[in-house]
Structures are given as C-alpha cells and as structure tokens.
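Everything below concerns the one structure shown next.
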Amino acid sequence: MKKFVVGNFKMNTTPSQFSSYLDEFLPRIKDCKTNIIFCLPATHFHVASLRLSATNIKFGAQNISSEKCGACTGEISNEMVKDCGADYTLIGHSETRRKFKETPESINQKIIRALEVNLKVILCIGETKYERTTKKTKLSLKRQLDTALKGLYENELRNIMIAYEPIWAIGTGKTPTPKEIEDTVKDIKDIITDNFTVRAAEKMNVLYGGSITESNCSQFSKIKGVSGLLVGGACLNAKSFANICK
Ligand code: PEP
C-alpha cells in the first residue's frame with residue numbers, strides 16, 4: 001500500500017519562499033509513489049493551489065475553527081480552507097492544543113466541521129514524557145480518542161487518519177523505539193476497535209510523527225501498522241523532504 005508523508009510547515013517560510021522551495025522539491029519527486037501532503041499556513045494556499053494542481057501532491061491547513069463563521073477574529077473556517085483547494089487539515093496538533101487552549105470537546109467539534117465540507121482530517125494525538133514513563137500512554141491516547149471521535153459514524157472514519165506524535169518527541173531529536181511505536185499503534189487500533197469495529201481499526205491509517213529525519217525515516221516507515229510519517233522540522237529542507245518522501 002502507498003505510504004503517506006505529511007510535511008507540517010508550522011509557521012515557517014513566506015509564500016514566495018514556499019514557491020522557491022517547490023522549484024527545488026517538485027523535480028526531485030517526479031517518480032515518487034508516496035502520497036505527499038503539505039500542511040501549510042493559510043497564507044500559502046494560493047501558491048499551493050497554483051503549483052500543486054497539476055501534481056498528485058495534496059495540501060491542507062494546520063488547524064480550522066470549531067465555529068462555522070462569525071465573530072472569531074483571527075480564525076479560519078472549514079469552508080474557507082476547502083474553497084482554497086485544500087483537501088486536508090491537521091487537527092489537535094500538540095502545539096495548537098497548548099497555544100490555543102484546545103479542549104477535547106473543541107477538537108471533536110473541529111473534526112465535525114472538517115468532515116462537513118469533505119476536508120480530510122489528520123488527527124494528532126500523543127502522550128507526555130511523564131505519561132510514557134508512568135505507563136499511562138494508552139490511557140492518555142484513549143482519553144484523547146474517545147472524545148475526539150465521539151458521535152462519529154464508522155463510515156466517517158475513512159476521512160480521518162491518526163498521527164501518533166509523542167509530545168516529547170516533537171522537535172526534540174528524541175524518538176520512541178520502533179517497538180514502542182509498534183505497540184502504541186496497536187493500542188490505538190485497539191481503542192478504535194472498542195469504539196467502532198475491528199474493520200474500522202484495520203482500515204484506519206496511523207502515521208508516526210516526532211523528530212523524523214532523512215536518516216531515521218526508513219526504520220520508522222517500516223514499522224508494522226504504520227501507514228506513513230508526519231514530518232515537521234525536516235520538511236523545511238526541500239532536498240531532505242524529497243528524500244524522506246522517496
Ligand atoms: C510536528 O510538528 O508534527 C513534528 C513531527 O515536528 P518534528 O518533525 O520537527 O518533530
């Protein structure tokens with residue numbers, strides 16, 4: 001099965017820098033079979049829509065509002081993102097959870113908003129270092145998933161993938177071992193089975209994210225149950241990201 005590689009640009013580059021980045025990136029991935037997705041600042045959507053429409057590369061937002069429209073200064077709605085040509089949105093990244101004080105309920109609301117306009121969701125979940133060392137990872141992920149997916153029908157899960165991103169691994173250069181990731185992905189699938197069905201769990205794409213680099217990516221992408229990678233810092237270098245995708 002084709003793997004996914006998602007590049008999360010966070011708040012990096014200007015739109016013109018992103019255009020120059022694509023000048024370098026696109027020729028390098030010509031024959032690449034990976035499903036590539038860029039999660040971009042909204043300011044970059046017009047460049048993405050112009051430059052990526054003739055490719056198989058998709059793009060998406062890094063967050064959307066939990067509201068449909070109205071008095072939400074500074075926010076961007078589901079329809080706005082979709083209308084710019086985006087196919088995806090990240091939801092519940094640990095940085096948006098922390099900085100914008102997202103709650104499990106607002107994350108659930110954002111997922112519902114995304115699905116309403118056929119935006120595919122990359123739902124980020126992960127444990128703290130304390131939760132990992134005290135063996136509370138599964139419990140923490142269960143709490144996050146139970147509320148995030150509350151009220152959804154099983155057929156809506158086909159538009160959702162889960163990015164398992166241990167909070168302590170994001171941007172730190174630290175990663176879990178491949179065995180820890182394999183076990184955690186199994187835990188995630190068990191939680192999906194409990195909330196939905198075995199079939200839903202089998203079909204769910206689970207990505208790993210956290211300190212992926214060009215040199216460690218292949219060991220993580222080969223882990224049983226892992227459908228791809230979510231890459232932050234290392235996606236900002238066009239050559240490195242192209243190599244990760246390949
Ligand atoms: C991320 O921001 O989702 C991420 C995985 O970052 P990094 O690759 O830099 O750890």
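Labels for the structure tokens follow display order: chains A, B, ..., residues from 1 in each chain, ligands from 1.
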Please identify all protein, DNA and RNA residues within 7 Å of ligand 1, counting only C-alpha atoms and all ligand atoms, and report them as a VMD selection string. chain A and resid 8 10 93 165 169 to 173 209 to 212 230 to 234
Using only C-alpha atoms, what does the table of region 135-158 of chain A residues within 10 Å of region 104-112 of chain A look like, with each row giving the shortest atom pair and its distance in Å to one decimal, sorted by chain and ascending number, as a tab-separated table?
```
residue	atom	partner	partner_atom	distance
A:Arg143	CA	A:Pro104	CA	8.5
A:Gln144	CA	A:Pro104	CA	6.5
A:Leu145	CA	A:Pro104	CA	8.6
A:Asp146	CA	A:Pro104	CA	8.9
A:Thr147	CA	A:Pro104	CA	5.7
A:Ala148	CA	A:Asn108	CA	4.2
A:Leu149	CA	A:Asn108	CA	6.2
A:Lys150	CA	A:Asn108	CA	6.9
A:Gly151	CA	A:Asn108	CA	8.8
A:Leu152	CA	A:Ile112	CA	8.0
A:Glu156	CA	A:Ile112	CA	9.6
```
The selected residues should be written to file as a PDB file, in the first residue's frame (atoms: C-alpha atoms).
```
ATOM      1  CA  ARG A 143      -8.997   9.769  26.535  1.00  0.00           C
ATOM      2  CA  GLN A 144      -7.934  11.838  23.528  1.00  0.00           C
ATOM      3  CA  LEU A 145      -9.512   9.475  21.001  1.00  0.00           C
ATOM      4  CA  ASP A 146     -12.744   8.802  22.906  1.00  0.00           C
ATOM      5  CA  THR A 147     -13.675  12.484  22.943  1.00  0.00           C
ATOM      6  CA  ALA A 148     -12.211  13.417  19.553  1.00  0.00           C
ATOM      7  CA  LEU A 149     -14.203  10.727  17.737  1.00  0.00           C
ATOM      8  CA  LYS A 150     -17.358  10.994  19.841  1.00  0.00           C
ATOM      9  CA  GLY A 151     -20.592  10.904  17.860  1.00  0.00           C
ATOM     10  CA  LEU A 152     -18.934   9.997  14.560  1.00  0.00           C
ATOM     11  CA  GLU A 156     -16.849   8.924   8.534  1.00  0.00           C
TER      12      GLU A 156
END
```
Write out as JSON, numbers by chain each polymer residue whose atoms come within 8 Å of Val47 (chain A), counting only C-alpha atoms; drop sequence neighbours fewer than 3 positions from it. {"A": [15, 18, 19, 44, 50, 51]}
Using only C-alpha atoms, which residues sit within 10 Å of Met204 (chain A) once same-chain residues fewer than 2 positions away are excluded, as a VMD selection string? chain A and resid 157 to 162 188 to 189 192 198 to 202 206 to 207 225 227
Neighbours of Tyr164 (chain A) within 6 Å (only C-alpha atoms; same-chain residues fewer than 5 positions away dropped), as a list in words?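 Close residues of Tyr164 (chain A): Ile125, Gly126, Leu207 and Tyr208 of chain A.
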Export of the given selection (C-alpha atoms) as a PDB file, in the first residue's frame:
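Ended up saving to out-v9.pdb:
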```pdb
ATOM      1  CA  ILE A 125      -2.613  12.546  19.441  1.00  0.00           C
ATOM      2  CA  GLY A 126       0.278  11.846  21.761  1.00  0.00           C
ATOM      3  CA  LEU A 207       1.101   7.821  10.956  1.00  0.00           C
ATOM      4  CA  TYR A 208       4.087   8.348  13.214  1.00  0.00           C
TER       5      TYR A 208
END
```
I want to know what sits within 8 Å of Leu236 (chain A), based on only C-alpha atoms, with residues of the same chain fewer than 5 positions away left out; could you give that as JSON, numbers by chain? {"A": [9, 12, 241]}
With C-alpha atoms retained, write the just-selected residues as a PDB file, in the first residue's frame.
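So again-v1.pdb came out as:
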```
ATOM      1  CA  PHE A   9       5.449  23.662   7.742  1.00  0.00           C
ATOM      2  CA  ASN A  12       7.860  28.842   8.590  1.00  0.00           C
ATOM      3  CA  PHE A 241      11.977  16.160   2.464  1.00  0.00           C
TER       4      PHE A 241
END
```
Taking the DSSP assignment computed from this structure's backbone, write out as an MDAnalysis selection string all residues of region 51-246 of chain A that belong to helix (DSSP H, G or I). chainID A and resid 51:52 78:83 94:99 104:116 129:133 137:148 154:159 167:169 178:195 198:203 217:221 233:236 238:245
Can I get the selection written as a compact mmCIF listing (two decimals), in the first residue's frame, with C-alpha atoms?
```txt
# COMPACT_ATOMS: atom_id res chain seq x y z
CA ARG A 51 1.66 24.96 -8.16
CA LEU A 52 0.30 21.60 -6.96
CA ASN A 78 -13.75 24.86 7.29
CA GLU A 79 -15.37 26.39 4.17
CA MET A 80 -12.59 28.95 3.70
CA VAL A 81 -9.95 26.24 3.74
CA LYS A 82 -11.90 23.97 1.42
CA ASP A 83 -12.64 26.79 -1.01
CA SER A 94 0.11 19.40 20.38
CA GLU A 95 1.16 22.98 19.57
CA THR A 96 -2.41 24.11 18.80
CA ARG A 97 -3.72 22.16 21.81
CA ARG A 98 -1.31 24.06 24.04
CA LYS A 99 -1.14 27.53 22.46
CA PRO A 104 -11.00 17.51 23.72
CA GLU A 105 -14.52 18.86 23.01
CA SER A 106 -13.31 21.65 20.69
CA ILE A 107 -11.16 19.11 18.85
CA ASN A 108 -14.25 16.94 18.37
CA GLN A 109 -16.11 20.00 17.07
CA LYS A 110 -13.29 20.81 14.64
CA ILE A 111 -13.35 17.26 13.27
CA ILE A 112 -17.10 17.53 12.71
CA ARG A 113 -16.60 20.91 10.95
CA ALA A 114 -13.89 19.45 8.69
CA LEU A 115 -16.00 16.44 7.70
CA GLU A 116 -18.97 18.71 6.94
CA LYS A 129 7.00 12.16 28.74
CA TYR A 130 5.51 11.76 32.22
CA GLU A 131 2.63 9.67 30.84
CA ARG A 132 5.10 7.46 28.94
CA THR A 133 7.37 6.92 31.95
CA THR A 137 0.33 6.24 27.34
CA LYS A 138 -2.62 4.05 26.34
CA LEU A 139 -4.90 5.71 28.88
CA SER A 140 -3.92 9.17 27.65
CA LEU A 141 -4.45 8.22 23.99
CA LYS A 142 -7.77 6.58 24.84
CA ARG A 143 -9.00 9.77 26.53
CA GLN A 144 -7.93 11.84 23.53
CA LEU A 145 -9.51 9.48 21.00
CA ASP A 146 -12.74 8.80 22.91
CA THR A 147 -13.68 12.48 22.94
CA ALA A 148 -12.21 13.42 19.55
CA GLU A 154 -17.95 4.47 11.30
CA ASN A 155 -18.17 5.46 7.63
CA GLU A 156 -16.85 8.92 8.53
CA LEU A 157 -13.60 7.39 9.76
CA ARG A 158 -12.48 6.82 6.19
CA ASN A 159 -11.82 10.57 6.04
CA ILE A 167 4.64 15.31 22.63
CA TRP A 168 8.15 14.76 24.00
CA ALA A 169 9.38 13.68 20.55
CA PRO A 178 10.36 1.20 16.78
CA LYS A 179 8.97 -1.44 19.18
CA GLU A 180 7.35 1.25 21.35
CA ILE A 181 5.77 2.79 18.25
CA GLU A 182 4.54 -0.59 17.03
CA ASP A 183 2.96 -1.33 20.43
CA THR A 184 1.37 2.12 20.63
CA VAL A 185 -0.07 1.89 17.13
CA LYS A 186 -1.59 -1.45 18.17
CA ASP A 187 -3.05 0.26 21.27
CA ILE A 188 -4.55 2.97 19.03
CA LYS A 189 -6.11 0.33 16.78
CA ASP A 190 -7.48 -1.50 19.86
CA ILE A 191 -9.10 1.75 21.03
CA ILE A 192 -10.68 2.21 17.58
CA THR A 193 -11.92 -1.39 17.73
CA ASP A 194 -13.51 -0.77 21.14
CA ASN A 195 -15.21 2.42 19.94
CA VAL A 198 -12.22 -4.35 14.05
CA ARG A 199 -12.77 -3.44 10.40
CA ALA A 200 -12.66 0.27 11.21
CA ALA A 201 -9.41 -0.23 13.12
CA GLU A 202 -7.84 -2.25 10.31
CA LYS A 203 -8.69 0.44 7.77
CA CYS A 217 12.80 7.80 8.36
CA SER A 218 13.09 4.35 6.79
CA GLN A 219 13.20 2.50 10.13
CA PHE A 220 10.01 4.30 11.23
CA SER A 221 8.10 3.89 7.98
CA GLY A 233 11.43 20.40 11.00
CA ALA A 234 12.89 18.09 8.36
CA CYS A 235 10.25 19.02 5.76
CA LEU A 236 11.59 22.57 5.54
CA ALA A 238 13.36 20.55 0.04
CA LYS A 239 16.14 18.04 -0.65
CA SER A 240 15.75 16.25 2.69
CA PHE A 241 11.98 16.16 2.46
CA ALA A 242 12.13 14.81 -1.10
CA ASN A 243 14.44 12.05 0.12
CA ILE A 244 12.10 11.23 3.01
CA CYS A 245 9.17 11.04 0.57
```
Report the residues of region 75-245 of chain A whose backbone DSSP state falls under strand (DSSP E), written as a list in words. Tyr88, Thr89, Leu90, Ile91, Lys120, Val121, Ile122, Leu123, Cys124, Ile125, Ile160, Met161, Ile162, Ala163, Tyr164, Val206, Leu207, Tyr208, Gly209, Val226, Ser227, Gly228, Leu229, Leu230 and Val231 of chain A
Selection above as a file: N, CA and C atoms, as a PDB file, in the first residue's frame:
```pdb
ATOM      1  N   TYR A  88      -7.051  18.619   3.090  1.00  0.00           N
ATOM      2  CA  TYR A  88      -6.783  18.085   4.433  1.00  0.00           C
ATOM      3  C   TYR A  88      -6.736  19.191   5.475  1.00  0.00           C
ATOM      4  N   THR A  89      -6.872  18.813   6.718  1.00  0.00           N
ATOM      5  CA  THR A  89      -6.462  19.697   7.806  1.00  0.00           C
ATOM      6  C   THR A  89      -5.912  18.862   8.964  1.00  0.00           C
ATOM      7  N   LEU A  90      -4.845  19.373   9.540  1.00  0.00           N
ATOM      8  CA  LEU A  90      -4.398  18.803  10.818  1.00  0.00           C
ATOM      9  C   LEU A  90      -5.406  19.250  11.866  1.00  0.00           C
ATOM     10  N   ILE A  91      -5.651  18.410  12.834  1.00  0.00           N
ATOM     11  CA  ILE A  91      -6.461  18.839  13.981  1.00  0.00           C
ATOM     12  C   ILE A  91      -5.823  18.278  15.248  1.00  0.00           C
ATOM     13  N   LYS A 120     -10.379  16.183   4.673  1.00  0.00           N
ATOM     14  CA  LYS A 120      -9.886  15.001   5.386  1.00  0.00           C
ATOM     15  C   LYS A 120      -9.099  15.466   6.614  1.00  0.00           C
ATOM     16  N   VAL A 121      -9.211  14.679   7.666  1.00  0.00           N
ATOM     17  CA  VAL A 121      -8.629  15.074   8.955  1.00  0.00           C
ATOM     18  C   VAL A 121      -7.383  14.247   9.262  1.00  0.00           C
ATOM     19  N   ILE A 122      -6.333  14.937   9.672  1.00  0.00           N
ATOM     20  CA  ILE A 122      -5.170  14.250  10.248  1.00  0.00           C
ATOM     21  C   ILE A 122      -5.201  14.607  11.733  1.00  0.00           C
ATOM     22  N   LEU A 123      -5.702  13.682  12.526  1.00  0.00           N
ATOM     23  CA  LEU A 123      -5.905  13.938  13.958  1.00  0.00           C
ATOM     24  C   LEU A 123      -4.634  13.570  14.723  1.00  0.00           C
ATOM     25  N   CYS A 124      -4.039  14.567  15.372  1.00  0.00           N
ATOM     26  CA  CYS A 124      -2.791  14.323  16.113  1.00  0.00           C
ATOM     27  C   CYS A 124      -3.095  13.982  17.573  1.00  0.00           C
ATOM     28  N   ILE A 125      -2.491  12.917  18.027  1.00  0.00           N
ATOM     29  CA  ILE A 125      -2.613  12.546  19.441  1.00  0.00           C
ATOM     30  C   ILE A 125      -1.222  12.134  19.940  1.00  0.00           C
ATOM     31  N   ILE A 160     -10.559  10.160   8.043  1.00  0.00           N
ATOM     32  CA  ILE A 160      -9.713  10.549   9.176  1.00  0.00           C
ATOM     33  C   ILE A 160      -8.486   9.641   9.208  1.00  0.00           C
ATOM     34  N   MET A 161      -7.306  10.234   9.405  1.00  0.00           N
ATOM     35  CA  MET A 161      -6.168   9.401   9.792  1.00  0.00           C
ATOM     36  C   MET A 161      -5.607   9.941  11.088  1.00  0.00           C
ATOM     37  N   ILE A 162      -4.916   9.076  11.784  1.00  0.00           N
ATOM     38  CA  ILE A 162      -4.398   9.463  13.088  1.00  0.00           C
ATOM     39  C   ILE A 162      -2.889   9.609  12.989  1.00  0.00           C
ATOM     40  N   ALA A 163      -2.394  10.733  13.506  1.00  0.00           N
ATOM     41  CA  ALA A 163      -0.938  10.901  13.587  1.00  0.00           C
ATOM     42  C   ALA A 163      -0.550  10.706  15.045  1.00  0.00           C
ATOM     43  N   TYR A 164       0.165   9.620  15.305  1.00  0.00           N
ATOM     44  CA  TYR A 164       0.663   9.393  16.665  1.00  0.00           C
ATOM     45  C   TYR A 164       1.952  10.187  16.838  1.00  0.00           C
ATOM     46  N   VAL A 206      -2.611   5.027  10.430  1.00  0.00           N
ATOM     47  CA  VAL A 206      -1.948   5.649  11.589  1.00  0.00           C
ATOM     48  C   VAL A 206      -0.526   6.037  11.167  1.00  0.00           C
ATOM     49  N   LEU A 207      -0.235   7.323  11.302  1.00  0.00           N
ATOM     50  CA  LEU A 207       1.101   7.821  10.956  1.00  0.00           C
ATOM     51  C   LEU A 207       1.916   7.984  12.231  1.00  0.00           C
ATOM     52  N   TYR A 208       3.230   7.981  12.077  1.00  0.00           N
ATOM     53  CA  TYR A 208       4.087   8.348  13.214  1.00  0.00           C
ATOM     54  C   TYR A 208       4.701   9.718  12.939  1.00  0.00           C
ATOM     55  N   GLY A 209       4.768  10.569  13.953  1.00  0.00           N
ATOM     56  CA  GLY A 209       5.453  11.860  13.828  1.00  0.00           C
ATOM     57  C   GLY A 209       6.233  12.197  15.076  1.00  0.00           C
ATOM     58  N   VAL A 226       2.219   1.063  10.724  1.00  0.00           N
ATOM     59  CA  VAL A 226       2.454   2.486  10.437  1.00  0.00           C
ATOM     60  C   VAL A 226       2.233   2.750   8.938  1.00  0.00           C
ATOM     61  N   SER A 227       1.291   3.660   8.646  1.00  0.00           N
ATOM     62  CA  SER A 227       0.941   3.943   7.243  1.00  0.00           C
ATOM     63  C   SER A 227       1.708   5.113   6.666  1.00  0.00           C
ATOM     64  N   GLY A 228       2.547   5.742   7.478  1.00  0.00           N
ATOM     65  CA  GLY A 228       3.326   6.855   6.955  1.00  0.00           C
ATOM     66  C   GLY A 228       3.869   7.728   8.060  1.00  0.00           C
ATOM     67  N   LEU A 229       4.361   8.902   7.672  1.00  0.00           N
ATOM     68  CA  LEU A 229       5.091   9.759   8.607  1.00  0.00           C
ATOM     69  C   LEU A 229       4.576  11.193   8.556  1.00  0.00           C
ATOM     70  N   LEU A 230       4.602  11.841   9.702  1.00  0.00           N
ATOM     71  CA  LEU A 230       4.322  13.286   9.779  1.00  0.00           C
ATOM     72  C   LEU A 230       5.628  13.963  10.162  1.00  0.00           C
ATOM     73  N   VAL A 231       6.058  14.864   9.289  1.00  0.00           N
ATOM     74  CA  VAL A 231       7.398  15.437   9.420  1.00  0.00           C
ATOM     75  C   VAL A 231       7.292  16.940   9.656  1.00  0.00           C
TER      76      VAL A 231
END
```
Students should find that CA of Ile76 (chain A) and CA of Ala42 (chain A) are spaced 8.3 Å
Using only C-alpha atoms, the best pick from A:Pro176, A:Gly92, A:Pro166, A:Gly85 as closest to Asn63 (chain A) would be A:Gly92
Can you pull out every residue within 6 Å of Cys39 (chain A), counting only C-alpha atoms, but drop anything in the same chain fewer than 4 positions away, and send it as a PDB file with C-alpha atoms, in the first residue's frame?
```pdb
ATOM      1  CA  GLY A   7       5.029  17.840   5.834  1.00  0.00           C
ATOM      2  CA  ASN A   8       3.947  20.264   8.555  1.00  0.00           C
ATOM      3  CA  PHE A  59      -2.231  20.292   0.688  1.00  0.00           C
ATOM      4  CA  GLY A  60      -4.071  21.183   3.830  1.00  0.00           C
ATOM      5  CA  ALA A  61      -4.381  23.520   6.788  1.00  0.00           C
ATOM      6  CA  GLN A  62      -2.732  23.172  10.182  1.00  0.00           C
TER       7      GLN A  62
END
```
